[in-house]
>>> print(open('work_34.pdb').read())   # PDB, C-alpha atoms
ATOM      1  CA  MET A 208      78.934 106.349 128.645
ATOM      2  CA  ARG A 209      77.974 103.607 131.121
ATOM      3  CA  LYS A 210      78.424 100.142 129.715
ATOM      4  CA  LYS A 211      75.358  97.901 129.932
ATOM      5  CA  ASN A 212      75.523  94.757 132.021
ATOM      6  CA  LEU A 213      75.480  91.528 130.091
ATOM      7  CA  LYS A 214      72.428  89.410 130.883
ATOM      8  CA  ILE A 215      72.595  85.660 130.351
ATOM      9  CA  LYS A 216      69.593  83.478 131.087
ATOM     10  CA  PHE A 217      69.847  79.739 131.456
ATOM     11  CA  VAL A 218      66.700  78.043 130.162
ATOM     12  CA  PRO A 219      66.304  74.294 130.670
ATOM     13  CA  PHE A 220      64.982  72.610 127.534
ATOM     14  CA  GLU A 221      61.820  71.486 129.378
ATOM     15  CA  LYS A 222      61.072  75.112 130.287
ATOM     16  CA  TYR A 223      61.722  76.217 126.709
ATOM     17  CA  LYS A 224      59.243  73.622 125.456
ATOM     18  CA  LYS A 225      56.654  74.687 128.032
ATOM     19  CA  GLU A 226      56.972  78.440 127.605
ATOM     20  CA  GLY A 227      57.600  78.371 123.869
ATOM     21  CA  MET A 228      58.817  80.870 121.380
ATOM     22  CA  LYS A 229      57.110  83.962 122.811
ATOM     23  CA  ALA A 230      59.109  83.861 126.038
ATOM     24  CA  ILE A 231      62.381  83.442 124.141
ATOM     25  CA  MET A 232      61.582  86.328 121.825
ATOM     26  CA  ARG A 233      60.591  88.539 124.759
ATOM     27  CA  ASP A 234      63.926  87.877 126.457
ATOM     28  CA  LEU A 235      65.886  88.459 123.265
ATOM     29  CA  ARG A 236      64.193  91.799 122.748
ATOM     30  CA  ARG A 237      65.123  92.649 126.346
ATOM     31  CA  GLU A 238      68.738  92.157 125.303
ATOM     32  CA  THR A 239      69.206  88.890 127.158
ATOM     33  CA  ILE A 240      71.386  86.057 125.929
ATOM     34  CA  ILE A 241      69.657  82.678 126.180
ATOM     35  CA  LEU A 242      71.450  79.455 126.927
ATOM     36  CA  ILE A 243      69.496  76.207 126.459
ATOM     37  CA  ASP A 244      70.808  72.856 127.725
ATOM     38  CA  ALA A 245      69.991  70.942 124.530
ATOM     39  CA  LYS A 246      70.497  71.012 120.801
ATOM     40  CA  LEU A 247      67.214  72.332 119.422
ATOM     41  CA  PRO A 248      65.662  70.369 116.540
ATOM     42  CA  ALA A 249      66.430  71.924 113.135
ATOM     43  CA  GLU A 250      62.741  72.765 112.588
ATOM     44  CA  GLU A 251      62.717  74.649 115.875
ATOM     45  CA  GLU A 252      65.773  76.652 114.787
ATOM     46  CA  ALA A 253      63.992  77.545 111.546
ATOM     47  CA  LYS A 254      60.950  78.670 113.576
ATOM     48  CA  ILE A 255      63.176  80.878 115.727
ATOM     49  CA  ILE A 256      64.592  82.483 112.562
ATOM     50  CA  GLU A 257      61.052  83.029 111.208
ATOM     51  CA  GLU A 258      59.870  84.611 114.461
ATOM     52  CA  THR A 259      63.002  86.764 114.565
ATOM     53  CA  MET A 260      62.325  88.061 111.066
ATOM     54  CA  LYS A 261      58.747  88.969 112.029
ATOM     55  CA  ARG A 262      60.067  91.113 114.867
ATOM     56  CA  ILE A 263      62.610  93.166 112.925
ATOM     57  CA  ASN A 264      60.881  96.445 112.213
ATOM     58  CA  GLY A 265      63.821  98.365 110.767
ATOM     59  CA  ASN A 266      63.889 101.325 113.153
ATOM     60  CA  SER A 267      67.158 102.831 114.364
ATOM     61  CA  GLY A 268      68.483 101.170 117.493
ATOM     62  CA  ASP A 269      65.760  98.559 117.436
ATOM     63  CA  PHE A 270      65.901  94.756 117.310
ATOM     64  CA  THR A 271      67.966  93.666 114.286
ATOM     65  CA  GLY A 272      67.912  89.931 114.733
ATOM     66  CA  ILE A 273      69.863  87.265 116.503
ATOM     67  CA  GLU A 274      73.034  85.256 116.580
ATOM     68  CA  LEU A 275      72.235  81.611 117.068
ATOM     69  CA  SER A 276      74.503  78.652 117.469
ATOM     70  CA  SER A 277      74.178  75.135 118.726
ATOM     71  CA  ILE A 278      76.259  72.051 119.185
ATOM     72  CA  ASP A 279      75.143  68.494 119.158
ATOM     73  CA  PHE A 280      77.106  66.342 121.582
ATOM     74  CA  THR A 281      75.692  63.143 120.117
ATOM     75  CA  ASN A 282      76.763  63.718 116.514
ATOM     76  CA  ASN A 283      80.020  65.480 117.115
ATOM     77  CA  LYS A 284      81.718  63.089 119.472
ATOM     78  CA  LYS A 285      83.824  61.051 117.095
ATOM     79  CA  ASN A 286      85.217  58.665 119.720
ATOM     80  CA  ALA A 287      81.947  58.040 121.539
ATOM     81  CA  THR A 288      81.707  54.596 123.047
ATOM     82  CA  GLN A 289      78.700  52.353 122.437
ATOM     83  CA  LEU A 290      77.554  53.070 126.006
ATOM     84  CA  GLU A 291      77.667  56.826 125.413
ATOM     85  CA  LYS A 292      75.742  56.443 122.158
ATOM     86  CA  ILE A 293      73.056  54.350 123.884
ATOM     87  CA  LYS A 294      72.888  56.893 126.736
ATOM     88  CA  SER A 295      72.368  59.735 124.237
ATOM     89  CA  MET A 296      69.701  57.786 122.395
ATOM     90  CA  LEU A 297      67.869  57.046 125.643
ATOM     91  CA  ILE A 298      67.955  60.689 126.733
ATOM     92  CA  GLN A 299      66.630  61.728 123.344
ATOM     93  CA  THR A 300      63.858  59.132 123.388
ATOM     94  CA  ILE A 301      62.760  59.624 126.989
ATOM     95  CA  LEU A 302      63.158  63.391 127.384
ATOM     96  CA  GLY A 303      62.719  64.305 123.735
ATOM     97  CA  LYS A 304      65.883  66.363 123.772
ATOM     98  CA  LYS A 305      69.197  66.071 122.024
ATOM     99  CA  ARG A 306      72.326  66.254 124.163
ATOM    100  CA  GLY A 307      73.952  69.526 123.311
ATOM    101  CA  MET A 308      73.707  73.242 123.829
ATOM    102  CA  THR A 309      72.091  76.215 122.101
ATOM    103  CA  ILE A 310      73.013  79.875 122.476
ATOM    104  CA  ILE A 311      70.772  82.621 121.150
ATOM    105  CA  GLY A 312      71.701  86.262 121.571
ATOM    106  CA  PRO A 313      70.416  89.573 120.239
ATOM    107  CA  ALA A 314      72.566  90.678 117.269
ATOM    108  CA  LYS A 315      73.014  94.123 118.841
ATOM    109  CA  ILE A 316      74.923  92.499 121.712
ATOM    110  CA  VAL A 317      76.403  89.319 120.285
ATOM    111  CA  ARG A 318      78.707  90.156 117.390
ATOM    112  CA  ARG A 319      79.341  86.556 116.408
ATOM    113  CA  ILE A 320      79.524  83.023 117.718
ATOM    114  CA  ASP A 321      82.368  80.829 116.551
ATOM    115  CA  ARG A 322      82.040  77.107 116.752
ATOM    116  CA  ASN A 323      84.264  74.148 116.587
ATOM    117  CA  PRO A 324      82.633  70.755 116.891
ATOM    118  CA  GLN A 325      82.768  70.736 120.695
ATOM    119  CA  GLU A 326      82.833  74.395 121.752
ATOM    120  CA  LEU A 327      81.052  77.663 121.160
ATOM    121  CA  LEU A 328      82.831  80.991 121.527
ATOM    122  CA  LEU A 329      80.664  84.066 121.841
ATOM    123  CA  TYR A 330      81.909  87.583 121.067
ATOM    124  CA  THR A 331      80.109  90.662 122.357
TER     125      THR A 331
ATOM    126  CA  MET B 736      55.652  69.089 113.233
ATOM    127  CA  VAL B 737      54.059  65.631 112.804
ATOM    128  CA  ILE B 738      51.798  66.948 110.026
ATOM    129  CA  ARG B 739      54.814  68.526 108.296
ATOM    130  CA  ARG B 740      56.715  65.240 108.418
ATOM    131  CA  LEU B 741      53.732  63.331 107.081
ATOM    132  CA  ARG B 742      53.351  65.852 104.274
ATOM    133  CA  SER B 743      57.032  65.595 103.296
ATOM    134  CA  LEU B 744      56.765  61.795 103.367
ATOM    135  CA  ILE B 745      53.733  61.922 101.073
ATOM    136  CA  ASN B 746      55.582  64.425  98.856
ATOM    137  CA  ALA B 747      58.527  62.032  98.694
ATOM    138  CA  LEU B 748      56.239  59.152  97.695
ATOM    139  CA  PHE B 749      54.639  61.083  94.845
ATOM    140  CA  ARG B 750      57.718  63.113  93.940
ATOM    141  CA  LYS B 751      58.101  61.731  90.418
ATOM    142  CA  LYS B 752      54.448  62.224  89.466
ATOM    143  CA  LYS B 753      54.185  65.994  89.636
ATOM    144  CA  ASN B 754      56.104  69.012  88.373
ATOM    145  CA  VAL B 755      59.531  68.684  89.891
ATOM    146  CA  LYS B 756      60.693  71.725  91.847
ATOM    147  CA  ILE B 757      64.400  72.214  92.413
ATOM    148  CA  GLY B 758      65.239  74.961  94.878
ATOM    149  CA  LEU B 759      68.336  77.032  95.456
ATOM    150  CA  TYR B 760      68.928  77.619  99.146
ATOM    151  CA  GLY B 761      71.772  79.102 101.108
ATOM    152  CA  PRO B 762      72.991  82.004 103.161
ATOM    153  CA  VAL B 763      73.033  85.553 101.797
ATOM    154  CA  ASN B 764      75.508  86.307  98.973
ATOM    155  CA  SER B 765      76.533  82.700  98.406
ATOM    156  CA  GLY B 766      75.733  82.965  94.684
ATOM    157  CA  LYS B 767      72.273  81.383  94.418
ATOM    158  CA  THR B 768      70.969  83.778  91.781
ATOM    159  CA  THR B 769      74.268  83.656  89.878
ATOM    160  CA  LEU B 770      73.847  79.879  89.710
ATOM    161  CA  ALA B 771      70.157  80.209  88.767
ATOM    162  CA  ASN B 772      71.197  82.559  85.956
ATOM    163  CA  ARG B 773      73.946  80.162  84.855
ATOM    164  CA  ILE B 774      71.480  77.246  84.661
ATOM    165  CA  CYS B 775      68.857  79.342  82.852
ATOM    166  CA  MET B 776      71.420  80.753  80.405
ATOM    167  CA  ASP B 777      72.842  77.277  79.717
ATOM    168  CA  TRP B 778      69.458  75.669  79.032
ATOM    169  CA  LEU B 779      66.985  78.444  78.223
ATOM    170  CA  GLY B 780      69.189  81.233  76.927
ATOM    171  CA  GLU B 781      67.803  83.799  79.376
ATOM    172  CA  GLU B 782      68.529  84.918  82.928
ATOM    173  CA  LEU B 783      66.288  84.564  85.957
ATOM    174  CA  GLY B 784      67.168  87.464  88.275
ATOM    175  CA  SER B 785      69.530  90.303  89.039
ATOM    176  CA  VAL B 786      72.667  89.862  91.117
ATOM    177  CA  SER B 787      74.494  92.328  93.315
ATOM    178  CA  GLU B 788      77.223  92.519  95.932
ATOM    179  CA  VAL B 789      74.764  94.295  98.222
ATOM    180  CA  PRO B 790      73.238  91.621 100.470
ATOM    181  CA  HIS B 791      69.596  90.542 100.023
ATOM    182  CA  GLU B 792      69.371  91.419  96.326
ATOM    183  CA  THR B 793      66.877  88.549  95.961
ATOM    184  CA  ARG B 794      64.005  89.281  98.326
ATOM    185  CA  GLU B 795      61.245  87.267  96.708
ATOM    186  CA  ILE B 796      60.922  83.705  95.476
ATOM    187  CA  GLN B 797      61.673  83.597  91.746
ATOM    188  CA  MET B 798      60.792  80.659  89.556
ATOM    189  CA  LYS B 799      61.644  79.583  86.040
ATOM    190  CA  GLU B 800      59.375  76.855  84.723
ATOM    191  CA  LYS B 801      60.258  73.905  82.535
ATOM    192  CA  VAL B 802      64.032  73.987  82.577
ATOM    193  CA  THR B 803      65.378  70.876  80.834
ATOM    194  CA  ILE B 804      68.953  69.828  81.436
ATOM    195  CA  LYS B 805      70.656  67.073  79.488
ATOM    196  CA  GLN B 806      73.792  65.221  80.425
ATOM    197  CA  ASP B 807      75.266  61.838  79.482
ATOM    198  CA  GLY B 808      72.207  60.873  77.437
ATOM    199  CA  LYS B 809      69.801  61.547  80.307
ATOM    200  CA  SER B 810      67.563  64.538  80.854
ATOM    201  CA  LEU B 811      65.579  66.193  83.621
ATOM    202  CA  THR B 812      62.817  68.786  83.370
ATOM    203  CA  PHE B 813      62.020  70.870  86.426
ATOM    204  CA  ASN B 814      60.893  74.221  87.753
ATOM    205  CA  LEU B 815      63.888  76.125  89.116
ATOM    206  CA  VAL B 816      63.131  78.062  92.297
ATOM    207  CA  ASP B 817      65.551  80.741  93.455
ATOM    208  CA  THR B 818      65.004  81.738  97.077
ATOM    209  CA  PRO B 819      66.124  84.745  99.122
ATOM    210  CA  GLY B 820      69.203  84.098 101.249
ATOM    211  CA  ILE B 821      68.552  82.942 104.791
ATOM    212  CA  ALA B 822      69.930  85.101 107.598
ATOM    213  CA  THR B 823      69.410  85.449 111.332
ATOM    214  CA  LYS B 824      69.894  89.218 111.407
ATOM    215  CA  ILE B 825      69.069  92.088 109.077
ATOM    216  CA  ASP B 826      70.128  95.615 109.928
ATOM    217  CA  PHE B 827      69.121  98.396 107.557
ATOM    218  CA  GLU B 828      72.310 100.251 108.532
ATOM    219  CA  ASP B 829      74.307  97.591 106.664
ATOM    220  CA  PHE B 830      72.565  98.694 103.458
ATOM    221  CA  VAL B 831      73.289 102.342 104.282
ATOM    222  CA  LYS B 832      76.973 101.369 104.460
ATOM    223  CA  HIS B 833      76.613 100.145 100.871
ATOM    224  CA  GLY B 834      75.570 103.659  99.850
ATOM    225  CA  MET B 835      71.780 103.359 100.082
ATOM    226  CA  LYS B 836      69.541 106.124 101.358
ATOM    227  CA  LYS B 837      68.049 105.485 104.795
ATOM    228  CA  LYS B 838      64.473 105.133 103.531
ATOM    229  CA  THR B 839      65.438 102.738 100.729
ATOM    230  CA  ALA B 840      67.598 100.756 103.152
ATOM    231  CA  LYS B 841      64.707 100.379 105.605
ATOM    232  CA  THR B 842      62.380  99.199 102.840
ATOM    233  CA  ARG B 843      65.003  96.722 101.653
ATOM    234  CA  ALA B 844      65.485  95.416 105.203
ATOM    235  CA  LYS B 845      61.742  94.884 105.638
ATOM    236  CA  GLU B 846      61.497  93.109 102.288
ATOM    237  CA  ALA B 847      64.516  90.991 103.188
ATOM    238  CA  THR B 848      62.884  89.805 106.438
ATOM    239  CA  ARG B 849      59.797  88.733 104.468
ATOM    240  CA  GLY B 850      62.080  86.987 101.980
ATOM    241  CA  VAL B 851      63.709  84.891 104.706
ATOM    242  CA  ILE B 852      60.275  83.830 106.018
ATOM    243  CA  GLU B 853      59.167  82.892 102.479
ATOM    244  CA  SER B 854      62.321  80.843 101.900
ATOM    245  CA  ILE B 855      61.708  78.822 105.053
ATOM    246  CA  LYS B 856      58.027  78.285 104.191
ATOM    247  CA  TRP B 857      58.940  76.992 100.714
ATOM    248  CA  LEU B 858      61.221  74.280 102.087
ATOM    249  CA  ASP B 859      58.291  71.850 102.192
ATOM    250  CA  ASN B 860      57.481  72.436  98.510
ATOM    251  CA  MET B 861      60.842  71.316  97.169
ATOM    252  CA  ASP B 862      61.606  67.976  95.543
ATOM    253  CA  LEU B 863      65.335  68.563  95.485
ATOM    254  CA  VAL B 864      67.477  71.371  96.811
ATOM    255  CA  MET B 865      70.852  72.746  95.833
ATOM    256  CA  VAL B 866      72.353  74.212  98.988
ATOM    257  CA  VAL B 867      74.678  76.883  97.657
ATOM    258  CA  LEU B 868      77.566  77.665 100.000
ATOM    259  CA  ASP B 869      80.343  80.190  99.500
ATOM    260  CA  SER B 870      83.539  78.111  99.502
ATOM    261  CA  THR B 871      85.614  81.100 100.608
ATOM    262  CA  GLU B 872      83.702  81.258 103.917
ATOM    263  CA  ASP B 873      83.681  79.060 107.028
ATOM    264  CA  PRO B 874      81.105  76.339 106.253
ATOM    265  CA  LEU B 875      80.269  75.680 109.904
ATOM    266  CA  ASN B 876      78.000  78.677 110.355
ATOM    267  CA  GLN B 877      74.607  78.217 111.930
ATOM    268  CA  VAL B 878      72.576  79.203 108.854
ATOM    269  CA  ASN B 879      74.189  76.396 106.832
ATOM    270  CA  ILE B 880      73.655  73.912 109.638
ATOM    271  CA  THR B 881      70.017  74.956 110.093
ATOM    272  CA  ILE B 882      69.290  74.654 106.358
ATOM    273  CA  LEU B 883      70.883  71.203 106.094
ATOM    274  CA  GLY B 884      69.205  70.049 109.319
ATOM    275  CA  ASN B 885      65.801  71.171 108.054
ATOM    276  CA  LEU B 886      66.198  69.426 104.716
ATOM    277  CA  ASP B 887      67.239  66.258 106.515
ATOM    278  CA  ALA B 888      64.315  66.481 108.940
ATOM    279  CA  ARG B 889      61.832  67.067 106.108
ATOM    280  CA  ASN B 890      63.259  64.242 103.954
ATOM    281  CA  VAL B 891      64.050  66.620 101.100
ATOM    282  CA  PRO B 892      67.036  65.336  99.087
ATOM    283  CA  PHE B 893      69.789  67.856  98.497
ATOM    284  CA  ILE B 894      73.185  68.491  96.954
ATOM    285  CA  ILE B 895      75.694  70.865  98.505
ATOM    286  CA  VAL B 896      77.119  73.240  95.913
ATOM    287  CA  ALA B 897      80.499  74.629  96.946
ATOM    288  CA  ASN B 898      80.385  77.818  94.903
ATOM    289  CA  LYS B 899      83.081  80.367  94.011
ATOM    290  CA  VAL B 900      85.852  77.786  93.489
ATOM    291  CA  ASP B 901      87.399  80.204  90.978
ATOM    292  CA  MET B 902      88.394  82.493  93.841
ATOM    293  CA  LYS B 903      91.828  82.376  95.426
ATOM    294  CA  LYS B 904      90.450  82.052  98.970
ATOM    295  CA  SER B 905      88.184  79.143  98.002
ATOM    296  CA  ARG B 906      88.470  75.967 100.090
ATOM    297  CA  ALA B 907      85.815  73.551  98.831
ATOM    298  CA  SER B 908      87.547  70.797 100.805
ATOM    299  CA  ARG B 909      86.505  72.501 104.054
ATOM    300  CA  ILE B 910      82.857  72.104 103.018
ATOM    301  CA  ARG B 911      83.418  68.418 102.188
ATOM    302  CA  SER B 912      85.035  67.754 105.559
ATOM    303  CA  ALA B 913      82.415  69.766 107.450
ATOM    304  CA  PHE B 914      79.556  67.754 105.888
ATOM    305  CA  PRO B 915      81.080  64.392 104.929
ATOM    306  CA  LYS B 916      77.716  62.586 104.825
ATOM    307  CA  TYR B 917      76.432  64.623 101.878
ATOM    308  CA  THR B 918      77.224  64.970  98.162
ATOM    309  CA  THR B 919      79.232  68.131  97.500
ATOM    310  CA  VAL B 920      80.005  69.513  94.050
ATOM    311  CA  GLY B 921      82.548  72.322  93.691
ATOM    312  CA  ILE B 922      81.657  74.817  90.970
ATOM    313  CA  SER B 923      81.967  78.411  89.891
ATOM    314  CA  ALA B 924      78.539  79.744  88.952
ATOM    315  CA  LYS B 925      80.249  82.873  87.646
ATOM    316  CA  THR B 926      82.600  81.144  85.187
ATOM    317  CA  GLY B 927      80.608  77.947  84.679
ATOM    318  CA  PHE B 928      83.463  75.768  85.922
ATOM    319  CA  ASN B 929      82.373  72.169  86.663
ATOM    320  CA  THR B 930      78.646  72.809  86.109
ATOM    321  CA  GLU B 931      78.535  69.573  84.034
ATOM    322  CA  GLU B 932      79.196  67.595  87.221
ATOM    323  CA  LEU B 933      76.415  69.503  88.961
ATOM    324  CA  TYR B 934      73.987  68.754  86.120
ATOM    325  CA  SER B 935      74.861  65.045  86.286
ATOM    326  CA  SER B 936      74.324  65.063  90.058
ATOM    327  CA  LEU B 937      70.921  66.722  89.641
ATOM    328  CA  ILE B 938      69.793  64.164  87.075
ATOM    329  CA  ASN B 939      71.066  61.260  89.171
ATOM    330  CA  SER B 940      69.433  62.589  92.337
ATOM    331  CA  MET B 941      65.895  62.456  90.929
TER     332      MET B 941
END
>>> encode(input="work_34.pdb", output="structure tokens")
Amino acid sequence: MRKKNLKIKFVPFEKYKKEGMKAIMRDLRRETIILIDAKLPAEEEAKIIEETMKRINGNSGDFTGIELSSIDFTNNKKNATQLEKIKSMLIQTILGKKRGMTIIGPAKIVRRIDRNPQELLLYT
Amino acid sequence: MVIRRLRSLINALFRKKKNVKIGLYGPVNSGKTTLANRICMDWLGEELGSVSEVPHETREIQMKEKVTIKQDGKSLTFNLVDTPGIATKIDFEDFVKHGMKKKTAKTRAKEATRGVIESIKWLDNMDLVMVVLDSTEDPLNQVNITILGNLDARNVPFIIVANKVDMKKSRASRIRSAFPKYTTVGISAKTGFNTEELYSSLINSM
């Protein structure tokens, strides 16, 4: 059996905000792993879970959900200097995004994502 | 999002004037319904829902009205809301592995997806939440982080309940160090261990 190629799509946070949930869900259903260059707000993560649940139809081999994980560089950096904290705050205020990273992958492809405060490890 | 924040702020302002709702939230199989049953048995003498080792046993919001707990001369009356476990994936084949027939498993999976959506929608209705985490599992999973983040963002006060401390693999300290900013109470909903501390925390949080 031929093994499928792994597809990873990098989505800048600004593009995610512009294109919204539909585009993300479309990519996930096309078995693409999404990498976003920001920590999504908690409410946004909850929305992604809600939308995921709406798309699980329970047929064999179909979409079964997602693995989602994110890290927040602003909260997790214990030894952050004042300058780094101010920089993070400015980025968040001006661009409306939290310094960090979010990975979302279809559960059929991504078995699990392990996290430690500064790293994410994805298993397929 | 702005409207939601405004609504939660207004809810917070008028929290003490209406029927208090205390919700049980957490990932699947963390022991939410076992804790709901423990609370209801302790104070009402009857259970709230059925429990099972098969995931997603609770697939609908269940509520017990007018539960009054008393501790240290103080009391609190509230409506206890047990919610379906939150998950990011639901595969009917997992239920088949637990011995269910394919058709039943598919129905259960569909109901479970609706349950997750309901749980998330109800977040805004809560006055206080007990986030029930399984202390034998890694606390830093995304579902836990998303639940806590949402409660924080919506200004809903909460207590982390490190459940299953009666089990050998339990490490409640891992939960405390993963979420040092928040109040964590280690209990066993199954045996009733340390529920007095949880009751005190609930009363003091309102």
>>> interface_residues(input="work_34.pdb", of="chain A", to="chain B", cutoff="6 Å", atoms="only C-alpha atoms", output="PyMOL selection string")
chain A and resi 249-250+256-257+260+265+271-273+276
>>> atom_distance(input="work_34.pdb", atom1="atom CA of B:Ser923", atom2="atom CA of B:Met902")
8.6 Å
>>> resolve_selection(input="work_34.pdb", expression="the PyMOL selection byres ((chain A and resi 310) around 6)", output="list in words")
Ile241, Leu242, Leu275, Ser276, Thr309 and Ile311 of chain A
>>> write_last_selection(input="work_34.pdb", atoms="C-alpha atoms", output="PDB file, in the frame of the given file")
ATOM      1  CA  ILE A 241      69.657  82.678 126.180  1.00  0.00           C
ATOM      2  CA  LEU A 242      71.450  79.455 126.927  1.00  0.00           C
ATOM      3  CA  LEU A 275      72.235  81.611 117.068  1.00  0.00           C
ATOM      4  CA  SER A 276      74.503  78.652 117.469  1.00  0.00           C
ATOM      5  CA  THR A 309      72.091  76.215 122.101  1.00  0.00           C
ATOM      6  CA  ILE A 311      70.772  82.621 121.150  1.00  0.00           C
TER       7      ILE A 311
END
>>> atom_distance(input="work_34.pdb", atom1="atom CA of A:Pro313", atom2="atom CA of B:Val763")
19.1 Å
>>> closest_residue(input="work_34.pdb", among="B:Glu800, B:Val816, B:Gly808, B:Pro790", to="B:Lys832", atoms="only C-alpha atoms")
B:Pro790
>>> decode(input="work_34.pdb", residues="stretch 270-284 of chain A", atoms="N, CA and C atoms", output="CSV table (one decimal), in the first residue's frame")
chain,number,residue,atom,x,y,z
A,270,PHE,N,-14.0,11.9,8.5
A,270,PHE,CA,-13.4,12.8,9.4
A,270,PHE,C,-13.8,12.5,10.9
A,271,THR,N,-12.8,12.3,11.8
A,271,THR,CA,-13.1,11.9,13.1
A,271,THR,C,-12.8,13.0,14.2
A,272,GLY,N,-12.3,14.1,13.7
A,272,GLY,CA,-11.9,15.1,14.6
A,272,GLY,C,-10.5,15.6,14.4
A,273,ILE,N,-10.0,16.3,15.4
A,273,ILE,CA,-8.7,16.9,15.3
A,273,ILE,C,-7.8,16.7,16.5
A,274,GLU,N,-6.5,16.9,16.3
A,274,GLU,CA,-5.6,17.1,17.4
A,274,GLU,C,-5.2,18.5,17.3
A,275,LEU,N,-5.3,19.2,18.5
A,275,LEU,CA,-5.0,20.6,18.5
A,275,LEU,C,-4.0,20.9,19.6
A,276,SER,N,-3.0,21.7,19.4
A,276,SER,CA,-2.2,22.1,20.5
A,276,SER,C,-1.5,23.4,20.2
A,277,SER,N,-1.3,24.2,21.3
A,277,SER,CA,-0.8,25.5,21.1
A,277,SER,C,0.2,25.9,22.2
A,278,ILE,N,1.1,26.7,21.9
A,278,ILE,CA,2.0,27.2,23.0
A,278,ILE,C,2.0,28.7,23.0
A,279,ASP,N,2.1,29.2,24.2
A,279,ASP,CA,2.1,30.7,24.3
A,279,ASP,C,3.4,31.1,24.8
A,280,PHE,N,4.2,31.8,23.9
A,280,PHE,CA,5.5,32.2,24.2
A,280,PHE,C,5.5,33.3,25.3
A,281,THR,N,4.5,34.0,25.4
A,281,THR,CA,4.5,35.1,26.4
A,281,THR,C,4.3,34.6,27.8
A,282,ASN,N,3.4,33.6,28.0
A,282,ASN,CA,3.2,33.1,29.4
A,282,ASN,C,4.2,32.1,29.8
A,283,ASN,N,4.7,31.4,28.9
A,283,ASN,CA,5.6,30.3,29.3
A,283,ASN,C,7.0,30.6,29.6
A,284,LYS,N,7.4,31.7,29.1
A,284,LYS,CA,8.9,32.1,29.3
A,284,LYS,C,9.1,32.6,30.7
